[in-house]
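Text of the file data.cif, holding mmCIF, C-alpha atoms:
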```cif
data_coords
#
loop_
_atom_site.label_atom_id
_atom_site.label_comp_id
_atom_site.auth_asym_id
_atom_site.auth_seq_id
_atom_site.Cartn_x
_atom_site.Cartn_y
_atom_site.Cartn_z
CA MET M 19 -37.40 60.34 -47.54
CA GLU M 20 -34.10 58.52 -47.09
CA PRO M 21 -34.10 55.71 -44.51
CA SER M 22 -32.30 56.63 -41.32
CA PRO M 23 -28.72 55.33 -40.92
CA ALA M 24 -29.54 52.98 -38.02
CA PRO M 25 -32.14 50.80 -39.83
CA ARG M 26 -29.96 50.77 -42.94
CA ARG M 27 -26.96 49.56 -40.93
CA ALA M 28 -29.10 46.90 -39.25
CA ARG M 29 -30.36 45.75 -42.68
CA ASP M 30 -26.81 45.66 -44.07
CA LEU M 31 -25.59 43.66 -41.07
CA SER M 32 -28.48 41.22 -41.50
CA VAL M 33 -27.61 40.69 -45.17
CA LEU M 34 -23.93 40.30 -44.28
CA LYS M 35 -24.77 37.74 -41.59
CA ARG M 36 -26.96 35.68 -43.93
CA THR M 37 -24.28 35.76 -46.61
CA ALA M 38 -21.59 34.70 -44.13
CA LEU M 39 -23.72 31.80 -42.91
CA ARG M 40 -24.05 30.57 -46.50
CA VAL M 41 -20.44 31.16 -47.52
CA LEU M 42 -18.67 29.89 -44.38
CA PRO M 43 -19.75 26.22 -44.64
CA VAL M 44 -18.75 26.16 -48.32
CA ALA M 45 -15.38 27.71 -47.51
CA LEU M 46 -14.82 25.18 -44.72
CA ILE M 47 -15.70 22.29 -47.02
CA VAL M 48 -13.24 23.56 -49.63
CA ALA M 49 -10.52 24.02 -47.01
CA ALA M 50 -11.18 20.59 -45.51
CA GLY M 51 -11.16 19.03 -48.97
CA TRP M 52 -7.80 20.61 -49.72
CA VAL M 53 -6.36 19.32 -46.41
CA LEU M 54 -7.69 15.82 -47.07
CA TRP M 55 -6.39 15.80 -50.64
CA ARG M 56 -2.95 17.01 -49.55
CA GLN M 57 -2.73 14.30 -46.90
CA PHE M 58 -4.33 11.41 -48.75
CA HIS M 59 -3.76 11.83 -52.50
CA LYS M 60 -0.62 9.67 -52.44
CA ILE M 61 -2.29 6.79 -50.60
CA SER M 62 -2.83 3.73 -52.76
CA VAL M 63 -6.02 1.69 -52.69
CA THR M 64 -3.90 -1.33 -51.80
CA ASP M 65 -2.59 0.38 -48.64
CA LEU M 66 -6.10 1.47 -47.69
CA LEU M 67 -7.55 -2.01 -48.14
CA GLY M 68 -4.62 -3.47 -46.21
CA PHE M 69 -5.51 -1.41 -43.12
CA ILE M 70 -9.20 -2.27 -43.46
CA GLU M 71 -8.35 -5.96 -43.67
CA GLY M 72 -6.08 -5.51 -40.65
CA TRP M 73 -9.04 -4.58 -38.47
CA GLY M 74 -10.12 -8.20 -38.38
CA ALA M 75 -13.58 -9.42 -37.52
CA GLY M 76 -13.02 -8.85 -33.80
CA ARG M 77 -12.22 -5.12 -33.95
CA LEU M 78 -14.98 -4.49 -36.48
CA ALA M 79 -17.53 -6.35 -34.35
CA LEU M 80 -16.43 -4.41 -31.26
CA ALA M 81 -16.80 -1.10 -33.11
CA LEU M 82 -20.32 -2.12 -34.20
CA PHE M 83 -21.14 -3.10 -30.61
CA CYS M 84 -19.97 0.31 -29.37
CA CYS M 85 -22.25 1.98 -31.94
CA VAL M 86 -25.29 -0.07 -30.91
CA ALA M 87 -24.59 0.49 -27.21
CA SER M 88 -24.13 4.24 -27.76
CA PHE M 89 -27.49 4.62 -29.51
CA ALA M 90 -29.15 2.45 -26.84
CA LEU M 91 -27.83 4.66 -24.04
CA VAL M 92 -29.01 7.79 -25.82
CA GLY M 93 -32.40 6.11 -26.13
CA LEU M 94 -32.51 5.52 -22.37
CA VAL M 95 -31.75 9.21 -21.81
CA GLU M 96 -34.58 10.10 -24.20
CA TRP M 97 -37.04 7.77 -22.47
CA ARG M 98 -36.25 9.39 -19.13
CA ALA M 99 -36.46 12.86 -20.69
CA LEU M 100 -39.92 12.13 -22.11
CA ARG M 101 -41.15 10.86 -18.74
CA TRP M 102 -39.71 13.99 -17.10
CA THR M 103 -41.86 16.13 -19.43
CA GLY M 104 -44.96 14.10 -18.57
CA ALA M 105 -45.11 11.98 -21.75
CA ARG M 106 -45.62 8.25 -21.20
CA VAL M 107 -43.94 6.76 -24.26
CA PRO M 108 -43.15 3.01 -23.99
CA LEU M 109 -39.44 2.22 -23.62
CA GLY M 110 -39.20 0.32 -26.89
CA GLU M 111 -40.84 3.15 -28.82
CA ALA M 112 -38.59 5.72 -27.13
CA LEU M 113 -35.49 3.69 -28.06
CA THR M 114 -36.65 3.46 -31.67
CA GLY M 115 -37.67 7.12 -31.85
CA SER M 116 -34.37 8.23 -30.33
CA PHE M 117 -32.44 6.08 -32.78
CA VAL M 118 -34.24 7.59 -35.77
CA ALA M 119 -33.94 11.18 -34.47
CA ASN M 120 -30.23 10.90 -33.70
CA ALA M 121 -29.42 8.99 -36.88
CA PHE M 122 -30.81 11.88 -38.93
CA GLY M 123 -29.37 14.51 -36.58
CA HIS M 124 -25.84 13.08 -36.78
CA ALA M 125 -25.87 12.73 -40.55
CA LEU M 126 -27.60 15.97 -41.54
CA GLY M 127 -26.05 18.33 -39.00
CA ALA M 128 -27.87 20.99 -36.91
CA ASN M 129 -28.46 18.10 -34.54
CA LEU M 130 -30.79 19.80 -32.08
CA LEU M 131 -33.09 21.22 -34.79
CA VAL M 132 -33.12 18.14 -37.02
CA SER M 133 -33.56 15.64 -34.19
CA ALA M 134 -36.30 17.77 -32.61
CA ALA M 135 -38.18 17.88 -35.93
CA VAL M 136 -37.93 14.09 -36.27
CA ARG M 137 -39.06 13.61 -32.66
CA ALA M 138 -42.08 15.85 -33.25
CA ARG M 139 -43.17 13.58 -36.08
CA VAL M 140 -42.29 10.29 -34.39
CA TYR M 141 -44.08 11.04 -31.10
CA ALA M 142 -47.08 12.84 -32.58
CA ARG M 143 -48.94 9.51 -32.47
CA ARG M 144 -48.54 9.62 -28.68
CA GLN M 145 -49.86 13.20 -28.47
CA VAL M 146 -46.48 14.43 -27.23
CA GLY M 147 -46.63 18.21 -27.49
CA LEU M 148 -44.08 20.49 -29.12
CA MET M 149 -42.97 21.90 -25.78
CA GLN M 150 -42.40 18.38 -24.46
CA VAL M 151 -40.36 17.51 -27.56
CA THR M 152 -38.29 20.67 -27.10
CA SER M 153 -37.71 19.93 -23.42
CA ALA M 154 -36.73 16.32 -24.13
CA THR M 155 -34.33 17.45 -26.87
CA LEU M 156 -32.66 19.94 -24.52
CA TYR M 157 -32.50 17.31 -21.77
CA GLN M 158 -30.68 14.96 -24.12
CA GLY M 159 -28.46 17.77 -25.42
CA VAL M 160 -27.35 18.56 -21.87
CA SER M 161 -26.53 14.89 -21.32
CA PHE M 162 -24.35 14.96 -24.44
CA ILE M 163 -22.57 18.14 -23.30
CA LEU M 164 -21.95 16.67 -19.84
CA GLY M 165 -20.44 13.52 -21.37
CA LEU M 166 -18.32 15.45 -23.85
CA GLY M 167 -17.13 17.89 -21.19
CA SER M 168 -16.36 15.24 -18.61
CA LEU M 169 -14.24 13.12 -20.95
CA THR M 170 -12.44 16.18 -22.31
CA GLY M 171 -11.77 17.54 -18.83
CA LEU M 172 -10.54 14.16 -17.64
CA GLY M 173 -8.17 13.86 -20.59
CA LEU M 174 -6.76 17.34 -20.02
CA VAL M 175 -6.35 16.93 -16.26
CA THR M 176 -4.67 13.52 -16.48
CA GLY M 177 -1.97 14.76 -18.83
CA ALA M 178 -3.14 13.46 -22.20
CA VAL M 179 -1.71 16.69 -23.66
CA ARG M 180 2.08 16.69 -23.32
CA SER M 181 3.47 19.95 -24.63
CA PRO M 182 4.67 23.39 -23.47
CA VAL M 183 0.99 24.26 -22.90
CA ALA M 184 0.39 21.27 -20.62
CA PHE M 185 -0.19 23.47 -17.55
CA GLY M 186 -2.83 25.47 -19.43
CA ALA M 187 -4.42 22.18 -20.49
CA HIS M 188 -4.61 21.09 -16.85
CA VAL M 189 -6.26 24.38 -15.89
CA ALA M 190 -8.74 24.13 -18.79
CA GLY M 191 -9.58 20.55 -17.85
CA ALA M 192 -10.18 21.49 -14.24
CA ALA M 193 -12.44 24.37 -15.34
CA ILE M 194 -14.49 22.05 -17.57
CA LEU M 195 -14.93 19.51 -14.76
CA ALA M 196 -15.86 22.34 -12.38
CA ALA M 197 -18.56 23.48 -14.83
CA VAL M 198 -19.97 19.94 -14.90
CA GLY M 199 -19.98 19.89 -11.11
CA ALA M 200 -21.68 23.30 -11.02
CA TYR M 201 -24.54 21.96 -13.14
CA ILE M 202 -25.05 19.04 -10.76
CA LEU M 203 -24.94 21.42 -7.80
CA ALA M 204 -27.43 23.79 -9.45
CA CYS M 205 -29.87 20.92 -10.01
CA ALA M 206 -29.48 19.93 -6.35
CA THR M 207 -30.02 23.40 -4.88
CA PHE M 208 -31.96 25.67 -7.28
CA ARG M 209 -35.59 24.97 -8.05
CA LYS M 210 -36.36 28.19 -9.93
CA PRO M 211 -37.51 27.18 -13.43
CA LEU M 212 -35.93 28.36 -16.64
CA VAL M 213 -38.05 30.40 -19.08
CA LEU M 214 -38.06 29.21 -22.69
CA PHE M 215 -40.53 30.37 -25.35
CA SER M 216 -42.71 31.90 -22.60
CA LYS M 217 -42.78 28.55 -20.79
CA ARG M 218 -41.31 27.79 -17.39
CA ILE M 219 -39.20 24.63 -17.38
CA PRO M 220 -37.89 23.34 -14.05
CA LEU M 221 -34.32 22.16 -13.73
CA PRO M 222 -33.93 18.37 -13.53
CA THR M 223 -33.66 16.85 -10.09
CA VAL M 224 -30.19 15.94 -8.86
CA GLY M 225 -31.02 12.31 -9.62
CA ASP M 226 -31.83 13.18 -13.23
CA ALA M 227 -28.69 15.31 -13.48
CA LEU M 228 -26.53 12.42 -12.26
CA LEU M 229 -28.28 10.11 -14.75
CA GLN M 230 -27.57 12.61 -17.54
CA LEU M 231 -23.93 12.73 -16.50
CA GLY M 232 -23.43 8.98 -16.14
CA LEU M 233 -25.15 7.98 -19.37
CA GLY M 234 -23.61 10.92 -21.23
CA VAL M 235 -20.08 9.94 -20.22
CA VAL M 236 -20.54 6.29 -21.17
CA ASP M 237 -22.24 7.21 -24.45
CA MET M 238 -19.43 9.58 -25.43
CA ALA M 239 -16.79 7.04 -24.40
CA LEU M 240 -18.42 4.48 -26.70
CA ALA M 241 -18.71 6.93 -29.60
CA VAL M 242 -15.01 7.82 -29.31
CA ALA M 243 -14.11 4.12 -29.08
CA ILE M 244 -15.74 3.41 -32.47
CA ILE M 245 -13.05 5.27 -34.40
CA TRP M 246 -10.26 4.65 -31.87
CA LEU M 247 -10.64 0.89 -32.35
CA LEU M 248 -10.08 1.35 -36.09
CA LEU M 249 -7.03 3.61 -35.81
CA PRO M 250 -3.48 2.47 -36.54
CA PRO M 251 -1.32 2.06 -33.40
CA GLY M 252 0.11 5.19 -31.81
CA ALA M 253 -2.66 7.05 -29.96
CA GLY M 254 -3.64 6.33 -26.37
CA TYR M 255 -7.36 6.46 -25.63
CA LEU M 256 -7.39 9.62 -23.47
CA GLN M 257 -4.97 11.35 -25.83
CA PHE M 258 -7.31 10.53 -28.69
CA VAL M 259 -10.32 11.79 -26.70
CA ILE M 260 -8.81 15.29 -26.72
CA ALA M 261 -8.22 15.17 -30.47
CA TYR M 262 -11.68 13.71 -31.11
CA THR M 263 -13.57 16.26 -29.04
CA GLY M 264 -11.61 19.14 -30.55
CA ALA M 265 -12.27 17.92 -34.09
CA TYR M 266 -15.91 17.17 -33.26
CA LEU M 267 -16.51 20.70 -31.98
CA VAL M 268 -14.87 22.17 -35.09
CA GLY M 269 -17.10 20.02 -37.29
CA LEU M 270 -20.17 20.89 -35.22
CA GLY M 271 -19.47 24.60 -35.42
CA SER M 272 -18.80 24.52 -39.15
CA GLY M 273 -22.43 24.07 -40.12
CA VAL M 274 -21.42 21.34 -42.57
CA PRO M 275 -23.80 18.33 -42.42
CA GLY M 276 -22.25 15.79 -40.08
CA GLY M 277 -19.04 17.85 -40.06
CA ALA M 278 -18.08 15.85 -43.17
CA GLY M 279 -14.52 16.63 -44.20
CA VAL M 280 -14.09 19.30 -41.52
CA PHE M 281 -13.97 16.73 -38.70
CA GLU M 282 -11.47 14.58 -40.60
CA GLY M 283 -9.33 17.57 -41.57
CA ALA M 284 -9.15 18.74 -37.96
CA LEU M 285 -8.21 15.26 -36.73
CA LEU M 286 -5.42 15.09 -39.30
CA GLN M 287 -3.90 18.24 -37.84
CA LEU M 288 -4.28 17.00 -34.27
CA LEU M 289 -2.80 13.53 -34.96
CA PRO M 290 0.22 14.26 -37.15
CA ASP M 291 2.18 11.13 -36.17
CA LEU M 292 -0.34 8.48 -37.20
CA ASP M 293 -0.08 6.63 -40.50
CA ARG M 294 -2.16 8.47 -43.12
CA ALA M 295 -3.47 5.35 -44.84
CA GLY M 296 -4.54 3.96 -41.48
CA LEU M 297 -6.29 7.24 -40.62
CA ALA M 298 -8.11 7.28 -43.96
CA ALA M 299 -9.32 3.72 -43.36
CA ALA M 300 -10.48 4.64 -39.83
CA PHE M 301 -12.37 7.67 -41.17
CA LEU M 302 -14.19 5.52 -43.72
CA GLY M 303 -15.07 2.88 -41.13
CA TYR M 304 -16.27 5.46 -38.61
CA ARG M 305 -18.49 7.24 -41.13
CA ALA M 306 -19.97 3.95 -42.33
CA ILE M 307 -20.64 2.56 -38.82
CA TYR M 308 -21.73 5.68 -36.92
CA TYR M 309 -23.36 7.75 -39.67
CA LEU M 310 -24.35 5.90 -42.83
CA LEU M 311 -25.58 2.61 -41.35
CA PRO M 312 -27.81 4.28 -38.69
CA LEU M 313 -29.09 6.76 -41.31
CA ALA M 314 -30.09 3.92 -43.65
CA LEU M 315 -31.80 2.00 -40.84
CA GLY M 316 -33.53 5.14 -39.56
CA ALA M 317 -34.86 5.89 -43.04
CA LEU M 318 -36.26 2.35 -43.24
CA VAL M 319 -37.97 2.74 -39.87
CA LEU M 320 -39.67 5.95 -41.03
CA ALA M 321 -40.52 4.56 -44.47
CA PHE M 322 -42.21 1.43 -43.14
CA GLY M 323 -43.71 2.96 -39.99
CA TRP M 324 -42.00 0.60 -37.53
CA LEU M 325 -42.75 2.77 -34.51
CA GLY M 326 -45.52 0.92 -32.79
CA PRO M 327 -49.30 1.28 -32.99
CA PRO M 328 -50.97 4.62 -33.69
CA ALA M 329 -51.87 6.67 -30.65
CA LYS M 330 -55.32 6.48 -29.17
CA THR M 331 -57.67 9.31 -29.94
CA PRO M 332 -58.70 11.48 -27.00
CA GLY M 333 -62.03 9.65 -26.87
CA GLU M 334 -60.25 6.31 -26.57
CA GLY M 335 -58.28 7.27 -23.50
CA ALA M 336 -55.09 8.78 -24.94
CA ALA M 337 -54.79 10.89 -21.81
CA ALA M 338 -54.23 7.76 -19.79
CA ASP M 339 -50.95 7.19 -21.62
CA ARG M 340 -49.43 10.35 -20.19
CA ASP M 341 -48.36 11.56 -16.79
CA PRO M 342 -49.46 15.06 -15.85
CA ALA M 343 -46.97 17.60 -17.14
CA PRO M 344 -44.61 19.09 -14.54
CA ALA M 345 -46.34 21.80 -12.60
CA ASP M 346 -43.92 24.45 -13.79
CA LEU M 347 -44.24 23.49 -17.46
CA GLU M 348 -46.85 26.13 -18.12
CA PRO M 349 -47.01 29.69 -19.48
CA SER M 350 -44.99 32.16 -17.46
#
```

Any chance you could give the structure as structure tokens?
Amino acid sequence: MEPSPAPRRARDLSVLKRTALRVLPVALIVAAGWVLWRQFHKISVTDLLGFIEGWGAGRLALALFCCVASFALVGLVEWRALRWTGARVPLGEALTGSFVANAFGHALGANLLVSAAVRARVYARRQVGLMQVTSATLYQGVSFILGLGSLTGLGLVTGAVRSPVAFGAHVAGAAILAAVGAYILACATFRKPLVLFSKRIPLPTVGDALLQLGLGVVDMALAVAIIWLLLPPGAGYLQFVIAYTGAYLVGLGSGVPGGAGVFEGALLQLLPDLDRAGLAAAFLGYRAIYYLLPLALGALVLAFGWLGPPAKTPGEGAAADRDPAPADLEPS
């Protein structure tokens, strides 16, 4: 008997989808590589080194400080997220675990999946369950989205985009800020839990939501500042925020690990007036400071087990290291 048309179409669509997911990142890498080559192939090594030398020790140190502060703030969000799920992980261990998880997530792409997998390994010694890891990852992801959205909305509303579409930019910025406000309002008024993987997860309290917003905004501002400090003159901070967030989202959606090449190619199109040698130098500095250096340090932390003492076994009182899980964090 011949298979019916409906299952055959579903199977064909599934094959087409899997093929597209494999081909699209490769196509984007090729396209980004072509854009980068077209823009940078005439740049001499002397020009590139001249811009790097022009950073000076002060700008480079400030960029490194912004990177350290950004990872520290993300670690504070993670520590609060773990406590919200009922896990009592010491602050120092949460900061270290967050650093390792985000270092790998940034560099390898698929941030939520990769960082969640790293967290599951890192916090297993504290008997932090998979559902708690998932909840903490989502909590931190929301903080990132709130920070990204708030800075983008602020840039659009304050006129960082000056073009014939400026009015549309203002409207889009206002809509983004309204969505951020709606999340805060929802956390303040709705107590009905969300259902995820047959588990009920309550919304954060309004205090947690405001903490997510505040730390997310500062974290994103610091991350943007890392590359902005290394840029050649010509881009105001809020103007650059719009370009950065647009390029970041393109890189994130590409599926390419760390958005490598795609992020830079998008920024080139969004910042046409900046010196190309200066942009190339800034790209190299940003990748080294925000991606490669944390990845190397995170790998060392995992390799040498610098994450604190092993967890206690249940017979040794491991349960005392945890708060009771939220009442709604149970099967629906």

CA of Val242 in chain M to CA of Tyr255 in chain M, straight-line distance in Å: 8.6 Å

Selected residue of minimal separation from Leu169 in chain M among M:Ile244, M:Leu256, M:Val140, M:Ala200, counting all atoms listed in the file: M:Leu256

The PyMOL selection byres ((chain M and resi 252) around 9) resolved against shown file, as a PyMOL selection string: chain M and resi 249-251+253-254+291-293

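Here CA of Cys205 in chain M is placed at a distance of 23.1 Å from CA of Arg106 in chain M.
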
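Restricting the calculation to all atoms listed in the file, the smallest distance between Leu270 in chain M and any of M:Ala284, M:Arg144, M:Met238, M:Pro211 is found for M:Ala284.
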
Sorted by chain and rising residue number, which residues of range 124-172 of chain M lie within 10 Å of range 311-321 of chain M, and what are their closest atom pairs and distances in Å to one decimal, counting only C-alpha atoms, as a Markdown table?
```
| residue | atom | partner | partner_atom | distance |
| --- | --- | --- | --- | --- |
| M:His124 | CA | M:Leu313 | CA | 8.4 |
| M:Ala125 | CA | M:Leu313 | CA | 6.8 |
| M:Leu126 | CA | M:Leu313 | CA | 9.3 |
| M:Val136 | CA | M:Leu320 | CA | 9.6 |
| M:Arg139 | CA | M:Leu320 | CA | 9.7 |
| M:Val140 | CA | M:Leu320 | CA | 8.4 |
```

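For the residues M:Leu195, M:Leu166, M:Ala90, M:Leu131, ranking by smallest atom-to-atom distance to Ala112 in chain M using all atoms listed in the file places M:Ala90 first.
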
Any chance you could tabulate, as JSON lines, the residues of range 66-175 of chain M at most 12 Å from range 225-229 of chain M with each one's nearest atom pair and distance in Å to one decimal, using all atoms listed in the file, in chain and rising number order?
```
{"residue": "M:Leu91", "atom": "CA", "partner": "M:Leu229", "partner_atom": "CA", "distance": 10.8}
{"residue": "M:Val92", "atom": "CA", "partner": "M:Leu229", "partner_atom": "CA", "distance": 11.3}
{"residue": "M:Leu94", "atom": "CA", "partner": "M:Leu229", "partner_atom": "CA", "distance": 9.9}
{"residue": "M:Val95", "atom": "CA", "partner": "M:Leu229", "partner_atom": "CA", "distance": 7.9}
{"residue": "M:Glu96", "atom": "CA", "partner": "M:Leu229", "partner_atom": "CA", "distance": 11.4}
{"residue": "M:Trp97", "atom": "CA", "partner": "M:Asp226", "partner_atom": "CA", "distance": 11.9}
{"residue": "M:Arg98", "atom": "CA", "partner": "M:Asp226", "partner_atom": "CA", "distance": 8.3}
{"residue": "M:Ala99", "atom": "CA", "partner": "M:Asp226", "partner_atom": "CA", "distance": 8.8}
{"residue": "M:Arg101", "atom": "CA", "partner": "M:Asp226", "partner_atom": "CA", "distance": 11.1}
{"residue": "M:Trp102", "atom": "CA", "partner": "M:Asp226", "partner_atom": "CA", "distance": 8.8}
{"residue": "M:Tyr157", "atom": "CA", "partner": "M:Ala227", "partner_atom": "CA", "distance": 9.3}
{"residue": "M:Gln158", "atom": "CA", "partner": "M:Leu229", "partner_atom": "CA", "distance": 10.8}
{"residue": "M:Val160", "atom": "CA", "partner": "M:Ala227", "partner_atom": "CA", "distance": 9.1}
{"residue": "M:Ser161", "atom": "CA", "partner": "M:Ala227", "partner_atom": "CA", "distance": 8.1}
{"residue": "M:Phe162", "atom": "CA", "partner": "M:Leu229", "partner_atom": "CA", "distance": 11.5}
{"residue": "M:Ile163", "atom": "CA", "partner": "M:Ala227", "partner_atom": "CA", "distance": 11.9}
{"residue": "M:Leu164", "atom": "CA", "partner": "M:Ala227", "partner_atom": "CA", "distance": 9.4}
{"residue": "M:Gly165", "atom": "CA", "partner": "M:Leu229", "partner_atom": "CA", "distance": 10.8}
```

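Note that the spacing between CA of Ala142 in chain M and CA of Val86 in chain M amounts to 25.4 Å.
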
Ala119 in chain M environment, 6 Å, only C-alpha atoms, sequence neighbours closer than 3 positions dropped, as a ChimeraX atom specification: /M:116,122,133,136-137

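Proximity ranking of M:Gly323, M:Gly173, M:Leu302, M:Thr223 relative to Thr114 in chain M places M:Gly323 first, based on all atoms listed in the file.
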
Shell of 12 Å around range 77-84 of chain M, all atoms listed in the file, local chain residues under 6 positions omitted, as JSON, numbers by chain: {"M": [69, 70, 71, 90, 91, 236, 237, 238, 239, 240, 241, 242, 243, 244, 245, 246, 247, 248, 249, 250, 300, 303, 304, 305, 306, 307, 308, 309, 311, 312]}

Residues matched by the PyMOL selection byres ((chain M and resi 203) around 12) as a ChimeraX atom specification: /M:196-202,204-209,221-225,227-228

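Residue nearest Ser168 in chain M within the list M:Gly279, M:Val107, M:Val118, M:Val235: M:Val235 [criterion: smallest interatomic distance, only C-alpha atoms].
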
12 Å contact set for Gln257 in chain M, only C-alpha atoms, chain neighbours under 3 positions out, as a list in words: Leu169, Thr170, Gly171, Leu172, Gly173, Leu174, Val175, Thr176, Gly177, Ala178, Val179, Arg180, Val242, Trp246, Gly252, Ala253, Gly254, Ile260, Ala261, Tyr262, Thr263, Gly264, Leu288 and Leu289 of chain M

So that I have them on file, write out the residues from the current selection with C-alpha atoms, as a JSON list (two decimals), in the frame of the given file.
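This went into selection_23.json:
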```
[["chain", "number", "residue", "atom", "x", "y", "z"],
["M", 169, "LEU", "CA", -14.24, 13.12, -20.95],
["M", 170, "THR", "CA", -12.44, 16.18, -22.31],
["M", 171, "GLY", "CA", -11.77, 17.54, -18.83],
["M", 172, "LEU", "CA", -10.54, 14.16, -17.64],
["M", 173, "GLY", "CA", -8.17, 13.86, -20.59],
["M", 174, "LEU", "CA", -6.76, 17.34, -20.02],
["M", 175, "VAL", "CA", -6.35, 16.93, -16.26],
["M", 176, "THR", "CA", -4.67, 13.52, -16.48],
["M", 177, "GLY", "CA", -1.97, 14.76, -18.83],
["M", 178, "ALA", "CA", -3.14, 13.46, -22.20],
["M", 179, "VAL", "CA", -1.71, 16.69, -23.66],
["M", 180, "ARG", "CA", 2.08, 16.69, -23.32],
["M", 242, "VAL", "CA", -15.01, 7.82, -29.31],
["M", 246, "TRP", "CA", -10.26, 4.65, -31.87],
["M", 252, "GLY", "CA", 0.11, 5.19, -31.81],
["M", 253, "ALA", "CA", -2.66, 7.05, -29.96],
["M", 254, "GLY", "CA", -3.64, 6.33, -26.37],
["M", 260, "ILE", "CA", -8.81, 15.29, -26.72],
["M", 261, "ALA", "CA", -8.22, 15.17, -30.47],
["M", 262, "TYR", "CA", -11.68, 13.71, -31.11],
["M", 263, "THR", "CA", -13.57, 16.26, -29.04],
["M", 264, "GLY", "CA", -11.61, 19.14, -30.55],
["M", 288, "LEU", "CA", -4.28, 17.00, -34.27],
["M", 289, "LEU", "CA", -2.80, 13.53, -34.96]]
```
